[in-house]
Amino acid sequence: MSLDHGRRNALKTLLFASLASSRLARAVAEPGPSRSVVFRARREKLLAAAGKVDPALLAAAVGAAVAGALGEGSPANGFKKIFKPSDVVGIKVNCIAGKGLSPRPTLVGLLSRWLQDAGLPPRNILVWDRTDRELTRAGFEINRGSSGVRIFGTNDEYDWKPREWGPNGSCFPRFLIEDVTALLNVAVLKDHDLAGVSLGMKNWYGAIHNPNKCHEDKCAPFIPHLSAFPLIHDKLRLTVVDAVTGQCHAGPGAAPKWSWPYQGVLASTDPVAVDAVGWGIIEDRRREVGLPSLANEKRAPSWIAAAGKLGLGEADPARIRVEEV
Amino acid sequence: MSQAELERRRFLQLLAGGCAACLAASGGFFPVLAEDPAAAGEVRAPGDAGLAPRKARWWKKKDGSRIECGLCPRHCVVADIERGACGVRENRDGEYYTLVHSRPCSIHIDPVEKKPFFHVLPGASALSLATAGCNFECRFCQNWEIAQARPEQVKSATVSPEEIAALAKKNGTPAIACTYTEPVVWSEYVYDIAVAGRKVGLKTLMVSNGFIEEEPLGDLCDVLGAVKIDLKAFTEAFYRQQCRGELKPVLQTLKRLAKHGMWTEIVVLIVPTLNDGDDEIRGLARFVRDELGAEVPVHFTRFHPSYRLMNLPATPIPTLERVWQLASAEGLHFVYLGNVPGHAAENTYCPGCKRMLIRRVGMATLENRIRDGRCPDCKRLIPGVWA
């Protein structure tokens, strides 16, 4: 995928179509969102036959969720609110599971386009994950060239100086330290064998050189502290979850038996709330297909509540408003 | 990564291998390969494209596609596409693979005293190598840039066990040392190297934290020549807080090594204020004396700030001397100090007549008076691997 192929006009058309939808109009007409609102956009037939995504419906859903989360009428206007044209925005994707259970390049392309519409030059947008290989396997086209949106894996380009972040110390990507000024977290909706679920906060494991040292105690001591680390916490503006396809069991690898077409997108400025909502969606699906709850499997994501206690966001589902758009 | 940073990393990796003097001439941290590029495969830049997974040993299938690793006491339960805590063993479609077999990230020729082995082939060299990875996370790790890295984050070469043995022979070293990182996590490679080495008359030495399960340890004991265990401390609290490990399994390993009759030396890095208490040292020495034998050499070495433990000073020499006295007073026959070049406690003395047997300065053996494994003066048997 190249993010610079001119789809601007088509996407704008789609966006206007989404803006015209009554659901979005209702959402943006309400008072500004609090930190604990998660915007959920689901579209029937988003996932068409043979697993193909309808690009128009995807644009509508992502646009509605992002615009809603940012309290603006369009995603580009929303991005204007949270990013300056001089920002360098790192879009962190989670591609470890490969195509089918990674953020879609099309979805990331939409975000990238809206960032450009918000005034950011393409070079100020950086799509990244751990390695080139993982990005390539998920369908992204590596671009380390001098023009266009940058897309690459950290590989070994860490700042080889460990930084303490609570229960662990890690090396972080050099570009995250020196270049990126703002973060957009693009996660997936999936079960995780150890952490219970993998959504937004778990995605930050892909930002450190030693994620294998962070799996003890169901990841509970690690995920909140890593999410609170200033390099991440202070730069994070928005979490978007590609929930077109979810997976309710046997993650983090792709297991088609347990995936299902959720046909939705989540977005929130509250990184804890969006994970809490995603967890609920996965539990609902597990019930539907007769699986025990994550708690019954002794792998409930207790780190979500711990993140709430750390003040990173709202973990209590009763205090989170889910806005359908 | 800038050129300057590349040079810095290369330099640190060289230091990790103890071959700083080779820097100018080596052209990398594979000085042995640099001198003989035809000896093995190309040196590969960091990246995951070159990973060559090989079926791992010592694991079992769990439900679904999950596996349970049986290599070390962590018993990591690993889901598909995930890795164990060591970062070098990966579940792929319900099968467990090692990613580092035949993929060393460092190869040097070191004196055996550097490991340190003081009772194994004094004055000899060992072809010393490491792959990425470790099952601990010591806050004071001296080689963290390779030990705490994943294989795709370090430069590596493709060198088979047979090629390692051939390199050792070619360079005239009587031993191969699996060292620098944690050989337990690359046990398959260690085993195959030891087998290949034995075929051509070489001893294979392992320098380890001892955090290994009984079955793989037994398999390795069948082929290894000697083992050095880093006993990090003598309290569970230290292991938990400073290493994210456990003491008890390491003590179990030491007992198993003794039972196997494996020549074993112990190193204890003395970290000021954290593991240098009188009672702790006495307890450690009593354990060695009572469970392993008073003849087992124990090296107390000097800590220098490193990795994530930068807020403590280097161990004061008087602290090391106090520790030496405490351990000696408990009846240990061979207590040494390390990282203190020129100190008298680097030498080996006969427990019988107290005369000096081996004189050392740093890693250099200057004089070795042991004859046929005995003190030349009082004829007392001196334990070790002398030939």
# chains A, B, ... in the order shown; residues from 1 in each chain; ligands from 1

$ select_by_dssp --residues "region 45-173 of chain B" --states "alpha helix (DSSP H)" --output "number ranges by chain"
B: 144-147, 161-170

$ write_last_selection --atoms "C-alpha atoms" --output "PDB file, in the first residue's frame"
ATOM      1  CA  TRP B 144      22.916  -6.306  28.102  1.00  0.00           C
ATOM      2  CA  GLU B 145      23.220  -5.077  24.540  1.00  0.00           C
ATOM      3  CA  ILE B 146      23.302  -8.679  23.392  1.00  0.00           C
ATOM      4  CA  ALA B 147      21.892 -10.548  26.390  1.00  0.00           C
ATOM      5  CA  PRO B 161      28.437 -26.234  15.454  1.00  0.00           C
ATOM      6  CA  GLU B 162      30.923 -28.042  13.215  1.00  0.00           C
ATOM      7  CA  GLU B 163      32.256 -24.710  11.980  1.00  0.00           C
ATOM      8  CA  ILE B 164      32.651 -23.515  15.570  1.00  0.00           C
ATOM      9  CA  ALA B 165      34.685 -26.617  16.366  1.00  0.00           C
ATOM     10  CA  ALA B 166      36.741 -26.149  13.220  1.00  0.00           C
ATOM     11  CA  LEU B 167      37.386 -22.494  14.097  1.00  0.00           C
ATOM     12  CA  ALA B 168      38.562 -23.492  17.551  1.00  0.00           C
ATOM     13  CA  LYS B 169      40.888 -26.125  16.124  1.00  0.00           C
ATOM     14  CA  LYS B 170      42.219 -23.751  13.530  1.00  0.00           C
TER      15      LYS B 170
END

$ interface_residues --of "chain B" --to "chain A" --cutoff "6 Å" --atoms "only C-alpha atoms" --output "PyMOL selection string"
chain B and resi 1+47+80-81+85+87+153

$ closest_residue --among "A:Leu238, A:Leu184, A:Ala41, A:Val274" --to "Gly308 (chain A)" --atoms "only C-alpha atoms"
A:Val274

$ closest_residue --among "A:Ser293, A:Asn94, A:Ser86, A:Ser227" --to "Val108 (chain A)" --atoms "only C-alpha atoms"
A:Asn94

$ residues_around --residues "Asp377 (chain B)" --least-positions-apart "4" --cutoff "10 Å" --atoms "only C-alpha atoms" --output "ChimeraX atom specification"
/B:350,352-357,369-371

$ residues_around --residues "region 325-339 of chain B" --least-positions-apart "5" --cutoff "9 Å" --atoms "only C-alpha atoms" --output "PyMOL selection string"
chain B and resi 116+118+267+269+278+281-282+284-286+288-289+293-303+320+344-351+362

$ atom_distance --atom1 "CA of Val120 (chain B)" --atom2 "CA of Trp386 (chain B)"
5.7 Å

$ atom_distance --atom1 "CA of Ser146 (chain A)" --atom2 "CA of Leu111 (chain A)"
20.5 Å

$ residues_around --residues "Trp263 (chain B)" --least-positions-apart "6" --cutoff "10 Å" --atoms "only C-alpha atoms" --output "ChimeraX atom specification"
/B:119-120,205,221,224-228,257,296-297,383-385

$ write_last_selection --atoms "C-alpha atoms" --output "tab-separated table (two decimals), in the first residue's frame"
chain	number	residue	atom	x	y	z
B	119	HIS	CA	40.87	-24.62	37.71
B	120	VAL	CA	40.35	-25.44	34.04
B	205	LEU	CA	32.61	-24.87	28.74
B	221	CYS	CA	26.11	-32.57	31.40
B	224	LEU	CA	30.07	-30.42	28.52
B	225	GLY	CA	33.57	-30.22	29.97
B	226	ALA	CA	32.99	-27.71	32.78
B	227	VAL	CA	30.43	-25.21	33.96
B	228	LYS	CA	30.65	-21.86	35.65
B	257	LEU	CA	25.99	-30.44	38.70
B	296	VAL	CA	34.53	-25.87	44.67
B	297	PRO	CA	36.17	-22.58	43.65
B	383	PRO	CA	40.91	-30.44	42.06
B	384	GLY	CA	40.27	-29.18	38.55
B	385	VAL	CA	40.47	-29.95	34.86

$ residues_around --residues "region 207-214 of chain B" --least-positions-apart "5" --cutoff "8 Å" --atoms "only C-alpha atoms" --output "list in words"
Gly70, Leu71, Cys72, Pro73, Lys115, Asn135, Ala177, Cys178, Thr179, Tyr180, Glu182, Pro183, Val184, Val227, Lys228, Ile229, Asp230, Leu231, Lys232, Pro249, Val250, Thr253, Leu254 and Arg256 of chain B

$ write_last_selection --atoms "C-alpha atoms" --output "PDB file, in the first residue's frame"
ATOM      1  CA  GLY B  70      10.504 -26.934  29.626  1.00  0.00           C
ATOM      2  CA  LEU B  71      13.949 -25.471  29.264  1.00  0.00           C
ATOM      3  CA  CYS B  72      14.066 -23.273  32.332  1.00  0.00           C
ATOM      4  CA  PRO B  73      12.046 -23.020  35.528  1.00  0.00           C
ATOM      5  CA  LYS B 115      35.128 -16.717  32.193  1.00  0.00           C
ATOM      6  CA  ASN B 135      16.079 -15.794  30.701  1.00  0.00           C
ATOM      7  CA  ALA B 177      33.210 -21.430  25.757  1.00  0.00           C
ATOM      8  CA  CYS B 178      29.478 -20.700  25.506  1.00  0.00           C
ATOM      9  CA  THR B 179      29.336 -17.436  27.369  1.00  0.00           C
ATOM     10  CA  TYR B 180      28.625 -13.661  27.352  1.00  0.00           C
ATOM     11  CA  GLU B 182      22.829 -16.941  28.726  1.00  0.00           C
ATOM     12  CA  PRO B 183      23.683 -20.243  27.049  1.00  0.00           C
ATOM     13  CA  VAL B 184      20.694 -21.922  28.680  1.00  0.00           C
ATOM     14  CA  VAL B 227      30.427 -25.210  33.958  1.00  0.00           C
ATOM     15  CA  LYS B 228      30.645 -21.857  35.650  1.00  0.00           C
ATOM     16  CA  ILE B 229      27.562 -20.682  37.474  1.00  0.00           C
ATOM     17  CA  ASP B 230      26.817 -17.056  38.263  1.00  0.00           C
ATOM     18  CA  LEU B 231      25.312 -17.245  41.702  1.00  0.00           C
ATOM     19  CA  LYS B 232      23.842 -13.765  41.780  1.00  0.00           C
ATOM     20  CA  PRO B 249      16.309 -23.449  41.149  1.00  0.00           C
ATOM     21  CA  VAL B 250      19.870 -22.166  40.793  1.00  0.00           C
ATOM     22  CA  THR B 253      21.254 -26.755  39.533  1.00  0.00           C
ATOM     23  CA  LEU B 254      24.449 -26.493  41.564  1.00  0.00           C
ATOM     24  CA  ARG B 256      22.681 -31.450  40.250  1.00  0.00           C
TER      25      ARG B 256
END

$ decode --residues "region 182-205 of chain B" --atoms "N, CA and C atoms" --output "mmCIF file, in the first residue's frame"
data_model
loop_
_atom_site.group_PDB
_atom_site.id
_atom_site.type_symbol
_atom_site.label_atom_id
_atom_site.label_comp_id
_atom_site.auth_asym_id
_atom_site.auth_seq_id
_atom_site.Cartn_x
_atom_site.Cartn_y
_atom_site.Cartn_z
ATOM 1 N N GLU B 182 23.221 -15.799 27.901
ATOM 2 C CA GLU B 182 22.829 -16.941 28.726
ATOM 3 C C GLU B 182 22.708 -18.196 27.860
ATOM 4 N N PRO B 183 23.719 -19.044 27.899
ATOM 5 C CA PRO B 183 23.683 -20.243 27.049
ATOM 6 C C PRO B 183 22.477 -21.147 27.283
ATOM 7 N N VAL B 184 21.871 -21.073 28.457
ATOM 8 C CA VAL B 184 20.694 -21.922 28.680
ATOM 9 C C VAL B 184 19.649 -21.690 27.580
ATOM 10 N N VAL B 185 19.467 -20.438 27.182
ATOM 11 C CA VAL B 185 18.401 -20.165 26.215
ATOM 12 C C VAL B 185 18.796 -20.588 24.803
ATOM 13 N N TRP B 186 20.047 -20.901 24.607
ATOM 14 C CA TRP B 186 20.446 -21.482 23.306
ATOM 15 C C TRP B 186 21.063 -22.861 23.528
ATOM 16 N N SER B 187 20.418 -23.618 24.399
ATOM 17 C CA SER B 187 20.941 -24.926 24.796
ATOM 18 C C SER B 187 21.087 -25.895 23.621
ATOM 19 N N GLU B 188 20.188 -25.819 22.652
ATOM 20 C CA GLU B 188 20.305 -26.732 21.504
ATOM 21 C C GLU B 188 21.640 -26.517 20.789
ATOM 22 N N TYR B 189 21.989 -25.268 20.623
ATOM 23 C CA TYR B 189 23.250 -24.923 19.953
ATOM 24 C C TYR B 189 24.434 -25.338 20.830
ATOM 25 N N VAL B 190 24.324 -25.068 22.120
ATOM 26 C CA VAL B 190 25.391 -25.458 23.051
ATOM 27 C C VAL B 190 25.635 -26.968 22.963
ATOM 28 N N TYR B 191 24.546 -27.701 22.990
ATOM 29 C CA TYR B 191 24.658 -29.170 22.955
ATOM 30 C C TYR B 191 25.356 -29.615 21.675
ATOM 31 N N ASP B 192 24.891 -29.084 20.560
ATOM 32 C CA ASP B 192 25.462 -29.512 19.275
ATOM 33 C C ASP B 192 26.920 -29.079 19.144
ATOM 34 N N ILE B 193 27.256 -27.920 19.685
ATOM 35 C CA ILE B 193 28.656 -27.474 19.672
ATOM 36 C C ILE B 193 29.516 -28.435 20.495
ATOM 37 N N ALA B 194 28.988 -28.799 21.668
ATOM 38 C CA ALA B 194 29.767 -29.686 22.544
ATOM 39 C C ALA B 194 30.006 -31.046 21.881
ATOM 40 N N VAL B 195 28.977 -31.519 21.184
ATOM 41 C CA VAL B 195 29.137 -32.807 20.482
ATOM 42 C C VAL B 195 30.173 -32.660 19.368
ATOM 43 N N ALA B 196 30.057 -31.584 18.592
ATOM 44 C CA ALA B 196 31.009 -31.367 17.493
ATOM 45 C C ALA B 196 32.423 -31.162 18.038
ATOM 46 N N GLY B 197 32.511 -30.442 19.148
ATOM 47 C CA GLY B 197 33.830 -30.196 19.740
ATOM 48 C C GLY B 197 34.471 -31.472 20.245
ATOM 49 N N ARG B 198 33.652 -32.295 20.879
ATOM 50 C CA ARG B 198 34.191 -33.531 21.441
ATOM 51 C C ARG B 198 34.759 -34.435 20.350
ATOM 52 N N LYS B 199 34.121 -34.405 19.190
ATOM 53 C CA LYS B 199 34.592 -35.252 18.082
ATOM 54 C C LYS B 199 36.010 -34.886 17.655
ATOM 55 N N VAL B 200 36.379 -33.631 17.876
ATOM 56 C CA VAL B 200 37.728 -33.226 17.469
ATOM 57 C C VAL B 200 38.608 -32.932 18.697
ATOM 58 N N GLY B 201 38.205 -33.442 19.830
ATOM 59 C CA GLY B 201 39.052 -33.376 21.017
ATOM 60 C C GLY B 201 39.014 -32.074 21.787
ATOM 61 N N LEU B 202 37.927 -31.330 21.655
ATOM 62 C CA LEU B 202 37.819 -30.049 22.364
ATOM 63 C C LEU B 202 36.826 -30.158 23.520
ATOM 64 N N LYS B 203 37.132 -29.432 24.586
ATOM 65 C CA LYS B 203 36.199 -29.346 25.705
ATOM 66 C C LYS B 203 35.280 -28.151 25.481
ATOM 67 N N THR B 204 34.023 -28.310 25.840
ATOM 68 C CA THR B 204 33.110 -27.163 25.768
ATOM 69 C C THR B 204 32.731 -26.742 27.181
ATOM 70 N N LEU B 205 32.880 -25.448 27.421
ATOM 71 C CA LEU B 205 32.608 -24.873 28.738
ATOM 72 C C LEU B 205 31.341 -24.025 28.643
#
